[in-house]
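Visitor: To start, I am sharing the structure in question, which I have written as structure tokens.
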Amino acid sequence: MDHLVDEFCVDNFSEDALERSFARLEEMLRTEFARIKTDEDRERFRLRWVGRKTGGLTRLSAQLAGGRPELKRVSGKLFNTLKQRFQEHYHLWELNPFSPYALAREAIDITLPGTRTLLGAEHPIIRTMNEIVAVFQRMGYSVGIGPEVETDYYNFESLNFPPNHPARDTQDTLVVANQERRPLRDRLLMRTHTSPVQIRTMERQPPPVRIVIPGKVHRNDASDATHSPIFHQVEGLCVGENVTFSDLKGTLDHAMKEFFGAAVKTRFFPSFFPFTEPSADVQISCIFCGGKGCRKCKHSGWIELLGCGMVDPSVFGFVQQKQPDYDPRKISGFAFGMGVERIAMMKYGVSDIGQFYSGDMRFFKQFGSGGRLA
Ligand code: PHE
């Protein structure tokens, strides 16, 4: 054991020498602690450092007691710090998650099988949204998004809903509080449709534009089996030279056939939106009865699916404040918007929209393996 005496011995001929010696001992303490693997190692570590008779620190304390009196204040302080370090390390072992102490404390039985993490599935709404977007991507459309908290200007005014116009009543929403000091156009609200992203897209790039915009929207609607105050839309916009209503019809007819199957027919009914002229509602032949008439299509053979129309020249007028190339005398375009929940409900045979937001795993598990609802 004699070599140990040397290791724990310090040079105490000066303050500097003492500090260097103690730094070396602290380094040694750390190295030895890092090597501890078992409880037995730890006990050996304890005996080696603080064992009653043979412990290094015990002997060191005796050496210092016989040292030069004028260095005792410094050596005492260094010794106490080192001893404290030892204590810290010794107890640190109990916090080591792999030490037998920790295993006993948490009562981990390593022979038990682990917790299995279930593989997630895409939410049916997101999945439907992606499928719709993919149909348009294959036709050369790019994908864009925009903010859910929108200004009055983008959600309404630039889409030709003038301030105080009754058309605004059709899309009531939540507005951010305490904005009375701002001009109306800058006031924030939860967007009621994805159409504001039409304007944002055109302001950023000159024509031609072909873009689809998936996103979440908000309306002051009471929820029932087919309505939810928060829902999703996919918006589309196509602008260029000589874009016609026939292009709109051809595009949507093709998209519906891609999405619901080649047998599906479409028809266009006159409708109204402030930002399109003319406007239309698009119906598809009932996918449940093939158009013969059933309960699902209220015996009409048709199901209404989306709104669309030719971009109103006044909308281009708003855009021209930033992009003069959108001159309604030179270019034209069409836009459309569809509700994702409605389409997902049809596609998967869901009768209550609330199921999508329920968090009920019995509902969602059915979508896990790509399966359709029975
Ligand atoms: N934004 C309209 C709505 O939410 C849908 C729409 C989009 C209609 C684009 C026409 C053109 O009701």
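Order determines the names: the first chain of the structure tokens is A, the second B, and so forth; residues in each chain are numbered 1 upward, and ligands are numbered 1 upward as they are shown.
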Quick one: DSSP strand (DSSP E) residues in segment 284-367 of chain A, as a VMD selection string?
Guide: chain A and resid 284 to 285 302 to 311 332 to 339
Visitor: At a cut-off of 10 Å and counting only C-alpha atoms and all ligand atoms, what residues surround ligand 1? Please answer as a ChimeraX atom specification.
Guide: /A:155,159,170-171,191-196,198,217-219,232-237,271-281,306-312,334-339
Visitor: Choose the residue, out of A:Arg59, A:Lys257, A:Arg48, A:His123, that has the smallest atom-to-atom separation from Phe363 of chain A; count only C-alpha atoms.
Guide: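 Looking only at the distances to Phe363 of chain A, the closest residue turns out to be A:His123.
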Visitor: Quick one: everything within 9 Å of segment 39-46 of chain A, counting only C-alpha atoms, minus sequence neighbours fewer than 2 positions away in the same chain. Send it as a PDB file with C-alpha atoms, in the first residue's frame.
Guide:
ATOM      1  CA  GLU A  32     -11.556   6.954 -10.722  1.00  0.00           C
ATOM      2  CA  PHE A  33     -15.212   7.826 -10.351  1.00  0.00           C
ATOM      3  CA  ARG A  35     -14.442   3.925 -13.926  1.00  0.00           C
ATOM      4  CA  ILE A  36     -17.027   2.755 -11.379  1.00  0.00           C
ATOM      5  CA  LYS A  37     -19.288   0.092 -12.892  1.00  0.00           C
ATOM      6  CA  ARG A  48      -9.483   4.054  -1.067  1.00  0.00           C
ATOM      7  CA  TRP A  49     -10.453   7.692  -0.495  1.00  0.00           C
ATOM      8  CA  VAL A  50     -12.042   7.870   2.942  1.00  0.00           C
ATOM      9  CA  GLY A  51     -11.457   4.449   4.544  1.00  0.00           C
ATOM     10  CA  GLY A  55      -8.145   6.107   3.161  1.00  0.00           C
ATOM     11  CA  PHE A  86     -15.544  13.193  -3.011  1.00  0.00           C
ATOM     12  CA  TYR A  90     -19.976   9.260  -4.125  1.00  0.00           C
ATOM     13  CA  TRP A  93     -23.505   7.328  -8.273  1.00  0.00           C
ATOM     14  CA  SER A  99     -26.556   2.131 -11.063  1.00  0.00           C
ATOM     15  CA  PRO A 100     -28.179  -0.662  -9.076  1.00  0.00           C
ATOM     16  CA  TYR A 101     -29.478   2.046  -6.713  1.00  0.00           C
TER      17      TYR A 101
END
